[in-house]
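Peer 1: Pasting a structure below so you can have a look.
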Amino acid sequence: MHCVRKVTDDLYWVGANDHRLALFENIHPIPKGVSYNAYLLLDEQTALFDTIDWSACRQLLENIQYLLNGKPLDVLVINHMEPDHGASIEEILLRYPNVKVISTEKSFMLMRQFGFDIDGHELIEVQEGDTYCFGKHTITFVAAPMVHWPEAMVTFDTTSGVLFSADAFGSFIALDGKLFADEVNFDRDWIDEARRYYTNIVGKYGPHVQFLLKKAAGILDQIKFICPLHGPVWRSDLGYLIDKYQHWSTYEPEEKAVMIVYASMYGNTEAAAQALAAKLAERGITNTVLYDVSNTHVSYLISETFRVSHIVLASVTYNLGIYPVMHNYLADMKALNLQNRTFAIVENGSWACKSGDLMQKFLDEEMKCMTVLNERLSLASSLGSDKEDELNALADAIVDNMNEA
Ligand code: FEO
């Protein structure tokens with residue numbers, strides 16, 4: 001049975017939702033699922049914009065067959081060929097052997113690398129600024145390298161103002177019937193997963209996203225719809241999402257807020273994290289969140305780190321080093337190019353306490369534009385009352401820094 005939604009008079013969402021996949025890219029948990037979006041344009045020539053993951057291919061095929069209603073599929077535009085979108089290309093070519101495939105040179109190269117049997121079909125290689133007319137609709141192609149793979153492009157329908165934005169402006173969470181961002185409470189129910197999607201999947205490529213946003217700024221008044229490859233379609237309040245992307249891609253915090261991430265073996269470092277949060281609240285700082293690094297998937301930590309301005313790292317010393325899960329979090333932060341944050345350090349060690357110095361060294365030497373406050377809370381096994389002054393000094397330093405910024 002088909003399951004489609006109308007985007008405009010002649011454009012339809014023909015994608016599918018996935019609640020079965022536990023880990024996106026086999027690494028990021030997606031407890032609320034994900035959608036794979038593809039779009040079908042019914043013009044004089046019919047055109048499919050992208051395909052979907054192999055696991056949901058049957059739904060895509062039923063959707064297309066229903067809407068084409070016996071007409072041929074003339075064109076397949078591939079904006080992004082990563083297998084969560086491109087894995088069904090071959091099946092489309094088998095079912096619609098006369099379809100012309102439009103994509104970038106790199107995309108065709110990667111399709112061959114992945115073993116897609118595309119040769120023997122009509123392949124149209126396009127570059128930035130090229131156009132294609134389906135009859136009523138004309139599209140133009142815009143290169144979007146590293147948003148999120150090197151072959152990516154976005155396509156703009158100059159007739160209807162639809163931007164097919166590939167991975168940009170996407171989100172985790174299955175659509176489950178809703179299609180448009182204004183059909184859900186995005187700011188309440190979706191933004192955290194949209195941020196987690198962006199920061200973990202595309203976060204490293206902020207400068208490339210900036211480059212794309214600058215290109216989009218030139219035609220912003222013409223963009224009426226943003227159709228990403230995951231998550232809802234945007235037809236109103238585009239400025240809300242673009243503002244989020246502006247923050248994320250420039251590595252600027254969204255909010256003045258404190259995130260305390262603790263690595264605790266027996267609860268003593270956790271107790272210090274709690275005591276610090278209470279001291280901050282006494283000083284009026286209540287926009288705080290605490291995370292146990294050992295039982296929070298790093299993708300959530302990364303997402304929150306992109307959101308907040310101040311991060312407290314509280315870690316035990318382990319094998320004379322940083323607690324491994326905390327180290328993994330720091331390494332992920334570095335891999336994703338995160339910068340422009342202020343850190344405070346809480347260290348613990350029953351002997352040879354090393355974690356504080358090592359975390360400071362990591363932030364100073366391995367990362368860009370990170371500030372570490374001079375004040376540090378240093379524990380020997382547990383937080384004793386003799387540490388109250390140090391705790392107060394750390395809380396004061398965080399508050400002062402937040403007020404300065
Ligand atoms: Fe959703 Fe980069 O693929």
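Naming scheme: A, B, ... for chains in displayed order of the structure tokens; residues 1 onward per chain; ligands 1 onward as shown.
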Ligand 1: which residues are within 7 Å, counting only C-alpha atoms and all ligand atoms? Reply as a PyMOL selection string.
Peer 2: chain A and resi 80+82+84-85+148-149+167+229-230
Peer 1: Would you save the residues of that selection, restricted to C-alpha atoms, as a JSON list (two decimals), in the first residue's frame?
Peer 2:
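After the write, selection-v6.json holds the following:
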[["chain", "number", "residue", "atom", "x", "y", "z"],
["A", 80, "HIS", "CA", 23.40, 12.59, -2.12],
["A", 82, "GLU", "CA", 25.26, 7.81, 0.69],
["A", 84, "ASP", "CA", 20.88, 5.57, 3.47],
["A", 85, "HIS", "CA", 19.60, 7.45, 0.40],
["A", 148, "HIS", "CA", 27.90, 15.79, 4.33],
["A", 149, "TRP", "CA", 29.91, 13.79, 1.77],
["A", 167, "ASP", "CA", 21.35, 16.11, 4.41],
["A", 229, "LEU", "CA", 16.47, 13.86, 3.12],
["A", 230, "HIS", "CA", 15.54, 13.19, 6.76]]
Peer 1: Mind the document's chain letters and residue numbers, and return as a list in words the residues of range 145-225 of chain A that DSSP labels strand (DSSP E or B).
Peer 2: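 Residues meeting the strand (DSSP E or B) criterion: Met153, Val154, Thr155, Phe156, Asp157, Val162, Leu163, Phe164, Ser165, Ala166, Phe180 and Phe225 of chain A.
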Peer 1: Between A:Asn337, A:Asn401, A:Thr138, A:Ser107, which is the closest to Gln45 in chain A once you count only C-alpha atoms?
Peer 2: A:Thr138
Peer 1: Between A:Gln246, A:Thr155, A:Gln113, A:Asn403, which one has atoms that come closest to Thr131 in chain A, using only C-alpha atoms?
Peer 2: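 With only C-alpha atoms as the atom set, the closest residue is A:Thr155.
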Peer 1: Within 6 Å of range 314-320 of chain A, counting only C-alpha atoms, which residues show up once you throw out same-chain ones fewer than 5 positions away? Write them as a list in words, please.
Peer 2: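 In the requested format, the answer is Tyr262, Ala263, Ile345, Val346, Glu347, Asn348, Gly349, Cys353, Lys354 and Ser355 of chain A.
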Peer 1: Looking at only C-alpha atoms, which of A:Ile102, A:Ala217, A:Leu358, A:Ile118 is the one that sits closest to Thr140 in chain A?
Peer 2: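 The shortest atom-to-atom distance to Thr140 in chain A comes from A:Ile102.
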Peer 1: Give me, please, the distance in Å between CA of Lys215 in chain A and CA of Met111 in chain A, quoted to one decimal.
Peer 2: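 CA of Met111 in chain A lies at a distance of 26.7 Å from CA of Lys215 in chain A.
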Peer 1: Using DSSP assignments from the backbone, pull out every residue in range 13-78 of chain A that falls under helix (DSSP H, G or I) and give it to me as a list in words.
Peer 2: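 Residues meeting the helix (DSSP H, G or I) criterion: Trp54, Ser55, Ala56, Cys57, Arg58, Gln59, Leu60, Leu61, Glu62, Asn63, Ile64, Gln65, Tyr66, Leu67 and Leu68 of chain A.
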Peer 1: For CA of Glu183 in chain A and CA of Ser171 in chain A, quote the distance in Å rounded to one decimal.
Peer 2: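 Going from CA of Glu183 in chain A over to CA of Ser171 in chain A covers 14.8 Å.
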Peer 1: Please identify all polymer residues within 8 Å of Cys227 in chain A, counting only C-alpha atoms, omitting same-chain residues fewer than 6 positions from it, and present them as a tab-separated table (two decimals) with N, CA, C and O atoms, in the first residue's frame.
Peer 2:
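Result went into selection_7.tsv, see below:
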chain	number	residue	atom	x	y	z
A	162	VAL	N	11.25	25.32	-4.36
A	162	VAL	CA	11.55	24.17	-3.49
A	162	VAL	C	13.06	23.92	-3.50
A	162	VAL	O	13.67	23.80	-4.56
A	163	LEU	N	13.62	23.87	-2.31
A	163	LEU	CA	15.04	23.53	-2.18
A	163	LEU	C	15.14	22.09	-1.70
A	163	LEU	O	14.67	21.76	-0.60
A	164	PHE	N	15.71	21.24	-2.54
A	164	PHE	CA	16.00	19.87	-2.13
A	164	PHE	C	17.38	19.90	-1.49
A	164	PHE	O	18.40	20.02	-2.18
A	165	SER	N	17.39	19.84	-0.15
A	165	SER	CA	18.59	20.26	0.58
A	165	SER	C	19.50	19.12	1.00
A	165	SER	O	20.43	19.33	1.77
A	166	ALA	N	19.23	17.91	0.51
A	166	ALA	CA	20.06	16.74	0.86
A	166	ALA	C	20.11	16.57	2.38
A	166	ALA	O	19.09	16.71	3.05
A	233	VAL	N	9.58	18.57	6.27
A	233	VAL	CA	9.70	19.60	5.22
A	233	VAL	C	9.34	20.94	5.85
A	233	VAL	O	8.40	21.04	6.64
A	234	TRP	N	10.10	21.95	5.49
A	234	TRP	CA	9.86	23.30	6.03
A	234	TRP	C	9.17	24.17	4.99
A	234	TRP	O	9.65	24.31	3.88
Peer 1: Nearest to Tyr198 in chain A among A:Glu128, A:Glu282, A:Asp43, A:Glu304, with distances taken over only C-alpha atoms: which residue is it?
Peer 2: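 Looking only at the distances to Tyr198 in chain A, the closest residue turns out to be A:Glu304.
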Peer 1: Do a neighbour search on Ala335 in chain A at 12 Å with only C-alpha atoms, toss out local chain neighbours closer than 6 positions, and write the hits as an mmCIF file with all heavy atoms, in the first residue's frame.
Peer 2:
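Saved the output as selection.cif:
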data_model
loop_
_atom_site.group_PDB
_atom_site.id
_atom_site.type_symbol
_atom_site.label_atom_id
_atom_site.label_comp_id
_atom_site.auth_asym_id
_atom_site.auth_seq_id
_atom_site.Cartn_x
_atom_site.Cartn_y
_atom_site.Cartn_z
ATOM 1 N N THR A 199 24.780 17.803 14.613
ATOM 2 C CA THR A 199 26.094 17.934 15.235
ATOM 3 C C THR A 199 26.941 16.678 15.060
ATOM 4 O O THR A 199 28.143 16.775 14.866
ATOM 5 C CB THR A 199 25.959 18.281 16.730
ATOM 6 O OG1 THR A 199 25.135 17.296 17.385
ATOM 7 C CG2 THR A 199 25.339 19.652 16.926
ATOM 8 N N ASN A 200 26.286 15.531 15.124
ATOM 9 C CA ASN A 200 27.051 14.284 15.017
ATOM 10 C C ASN A 200 27.308 13.854 13.581
ATOM 11 O O ASN A 200 28.287 13.170 13.307
ATOM 12 C CB ASN A 200 26.317 13.160 15.761
ATOM 13 C CG ASN A 200 26.423 13.325 17.264
ATOM 14 O OD1 ASN A 200 27.448 12.979 17.862
ATOM 15 N ND2 ASN A 200 25.402 13.893 17.888
ATOM 16 N N ILE A 201 26.425 14.239 12.679
ATOM 17 C CA ILE A 201 26.568 13.779 11.292
ATOM 18 C C ILE A 201 27.313 14.815 10.453
ATOM 19 O O ILE A 201 28.203 14.489 9.668
ATOM 20 C CB ILE A 201 25.172 13.517 10.661
ATOM 21 C CG1 ILE A 201 24.354 12.577 11.547
ATOM 22 C CG2 ILE A 201 25.299 12.970 9.249
ATOM 23 C CD1 ILE A 201 24.896 11.195 11.742
ATOM 24 N N VAL A 202 26.962 16.067 10.604
ATOM 25 C CA VAL A 202 27.524 17.112 9.736
ATOM 26 C C VAL A 202 28.404 18.086 10.528
ATOM 27 O O VAL A 202 29.081 18.925 9.945
ATOM 28 C CB VAL A 202 26.376 17.893 9.025
ATOM 29 C CG1 VAL A 202 26.903 18.743 7.882
ATOM 30 C CG2 VAL A 202 25.310 16.947 8.479
ATOM 31 N N GLY A 203 28.404 17.958 11.859
ATOM 32 C CA GLY A 203 29.039 18.947 12.731
ATOM 33 C C GLY A 203 30.471 19.306 12.381
ATOM 34 O O GLY A 203 30.883 20.457 12.514
ATOM 35 N N LYS A 204 31.208 18.336 11.908
ATOM 36 C CA LYS A 204 32.623 18.582 11.587
ATOM 37 C C LYS A 204 32.777 19.599 10.456
ATOM 38 O O LYS A 204 33.799 20.266 10.347
ATOM 39 C CB LYS A 204 33.253 17.248 11.168
ATOM 40 C CG LYS A 204 34.705 17.311 10.752
ATOM 41 C CD LYS A 204 35.200 15.928 10.370
ATOM 42 C CE LYS A 204 36.639 15.947 9.894
ATOM 43 N NZ LYS A 204 37.567 16.392 10.927
ATOM 44 N N TYR A 205 31.745 19.682 9.615
ATOM 45 C CA TYR A 205 31.895 20.448 8.372
ATOM 46 C C TYR A 205 31.251 21.829 8.437
ATOM 47 O O TYR A 205 30.676 22.294 7.446
ATOM 48 C CB TYR A 205 31.333 19.622 7.203
ATOM 49 C CG TYR A 205 31.975 18.255 7.123
ATOM 50 C CD1 TYR A 205 31.259 17.095 7.413
ATOM 51 C CD2 TYR A 205 33.322 18.122 6.801
ATOM 52 C CE1 TYR A 205 31.864 15.843 7.383
ATOM 53 C CE2 TYR A 205 33.935 16.879 6.768
ATOM 54 C CZ TYR A 205 33.204 15.752 7.057
ATOM 55 O OH TYR A 205 33.813 14.520 7.028
ATOM 56 N N ILE A 302 27.569 15.255 22.691
ATOM 57 C CA ILE A 302 28.038 16.166 21.635
ATOM 58 C C ILE A 302 26.956 17.195 21.308
ATOM 59 O O ILE A 302 27.216 18.400 21.211
ATOM 60 C CB ILE A 302 28.423 15.361 20.371
ATOM 61 C CG1 ILE A 302 29.721 14.582 20.616
ATOM 62 C CG2 ILE A 302 28.533 16.257 19.141
ATOM 63 C CD1 ILE A 302 30.957 15.428 20.827
ATOM 64 N N ASN A 328 36.933 9.492 25.378
ATOM 65 C CA ASN A 328 36.214 9.270 24.113
ATOM 66 C C ASN A 328 35.334 10.476 23.768
ATOM 67 O O ASN A 328 35.264 10.898 22.604
ATOM 68 C CB ASN A 328 35.362 8.004 24.249
ATOM 69 C CG ASN A 328 34.556 7.748 22.998
ATOM 70 O OD1 ASN A 328 35.108 7.631 21.909
ATOM 71 N ND2 ASN A 328 33.245 7.691 23.138
ATOM 72 N N TYR A 329 34.703 11.038 24.785
ATOM 73 C CA TYR A 329 33.867 12.235 24.579
ATOM 74 C C TYR A 329 34.731 13.397 24.075
ATOM 75 O O TYR A 329 34.376 14.086 23.100
ATOM 76 C CB TYR A 329 33.160 12.556 25.895
ATOM 77 C CG TYR A 329 32.581 13.941 26.048
ATOM 78 C CD1 TYR A 329 31.725 14.493 25.101
ATOM 79 C CD2 TYR A 329 32.867 14.695 27.193
ATOM 80 C CE1 TYR A 329 31.189 15.766 25.272
ATOM 81 C CE2 TYR A 329 32.332 15.955 27.377
ATOM 82 C CZ TYR A 329 31.495 16.492 26.407
ATOM 83 O OH TYR A 329 30.966 17.742 26.581
ATOM 84 N N GLU A 366 44.873 20.206 21.788
ATOM 85 C CA GLU A 366 44.256 19.416 20.721
ATOM 86 C C GLU A 366 43.048 20.119 20.101
ATOM 87 O O GLU A 366 42.551 19.683 19.073
ATOM 88 C CB GLU A 366 43.778 18.069 21.278
ATOM 89 C CG GLU A 366 44.849 17.276 21.987
ATOM 90 C CD GLU A 366 45.534 16.281 21.077
ATOM 91 O OE1 GLU A 366 45.002 15.978 20.020
ATOM 92 O OE2 GLU A 366 46.635 15.857 21.450
ATOM 93 N N MET A 367 42.564 21.158 20.767
ATOM 94 C CA MET A 367 41.326 21.760 20.280
ATOM 95 C C MET A 367 41.515 23.249 20.016
ATOM 96 O O MET A 367 42.496 23.836 20.454
ATOM 97 C CB MET A 367 40.215 21.507 21.291
ATOM 98 C CG MET A 367 40.017 20.012 21.498
ATOM 99 S SD MET A 367 38.539 19.602 22.377
ATOM 100 C CE MET A 367 37.295 20.067 21.213
ATOM 101 N N LYS A 368 40.550 23.808 19.304
ATOM 102 C CA LYS A 368 40.667 25.207 18.889
ATOM 103 C C LYS A 368 39.785 26.116 19.741
ATOM 104 O O LYS A 368 38.620 25.787 19.994
ATOM 105 C CB LYS A 368 40.223 25.348 17.425
ATOM 106 C CG LYS A 368 41.214 24.826 16.424
ATOM 107 C CD LYS A 368 40.694 25.086 15.017
ATOM 108 C CE LYS A 368 40.362 23.777 14.336
ATOM 109 N NZ LYS A 368 39.687 23.894 13.064
#
Peer 1: Any idea what the distance is between CA of Leu93 in chain A and CA of His121 in chain A?
Peer 2: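 Computing the Euclidean distance for CA of Leu93 in chain A and CA of His121 in chain A yields 7.8 Å.
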Peer 1: I'd like the neighbourhood of Leu73 in chain A as a ChimeraX atom specification, where a residue qualifies if any of its atoms comes within 10 Å (using only C-alpha atoms), though same-chain residues fewer than 2 positions away should be ignored.
Peer 2: /A:40-42,45-48,64-65,68,70-71,75-76,92-93,95-100
Peer 1: Using C-alpha atoms, can you export the residues from the last selection as a short mmCIF file (atom, residue, chain, number, x, y, z; two decimals), in the first residue's frame?
Peer 2:
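Listed below is the output, result_24.cif:
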data_model
loop_
_atom_site.label_atom_id
_atom_site.label_comp_id
_atom_site.auth_asym_id
_atom_site.auth_seq_id
_atom_site.Cartn_x
_atom_site.Cartn_y
_atom_site.Cartn_z
CA LEU A 40 8.47 12.73 -6.86
CA LEU A 41 7.67 15.57 -9.26
CA LEU A 42 4.87 14.99 -11.75
CA GLN A 45 8.76 14.75 -17.46
CA THR A 46 8.49 12.90 -14.17
CA ALA A 47 11.39 13.16 -11.74
CA LEU A 48 12.38 11.37 -8.56
CA ILE A 64 6.24 5.78 -7.01
CA GLN A 65 4.18 3.17 -8.83
CA LEU A 68 3.12 7.46 -11.74
CA GLY A 70 1.42 3.90 -15.57
CA LYS A 71 3.54 6.87 -16.66
CA VAL A 75 14.56 11.46 -14.47
CA LEU A 76 16.28 10.48 -11.23
CA ILE A 92 15.00 2.07 -9.60
CA LEU A 93 17.23 1.54 -12.64
CA ARG A 95 12.42 -1.11 -12.77
CA TYR A 96 12.71 2.05 -14.88
CA PRO A 97 15.61 1.27 -17.25
CA ASN A 98 15.02 4.35 -19.41
CA VAL A 99 15.34 6.79 -16.53
CA LYS A 100 18.06 9.43 -16.92
#
Peer 1: Considering only C-alpha atoms, state which residue in the set A:Glu44, A:Met146, A:Thr159, A:Leu379 is at the smallest distance from Asn268 in chain A.
Peer 2: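 The shortest atom-to-atom distance to Asn268 in chain A comes from A:Leu379.
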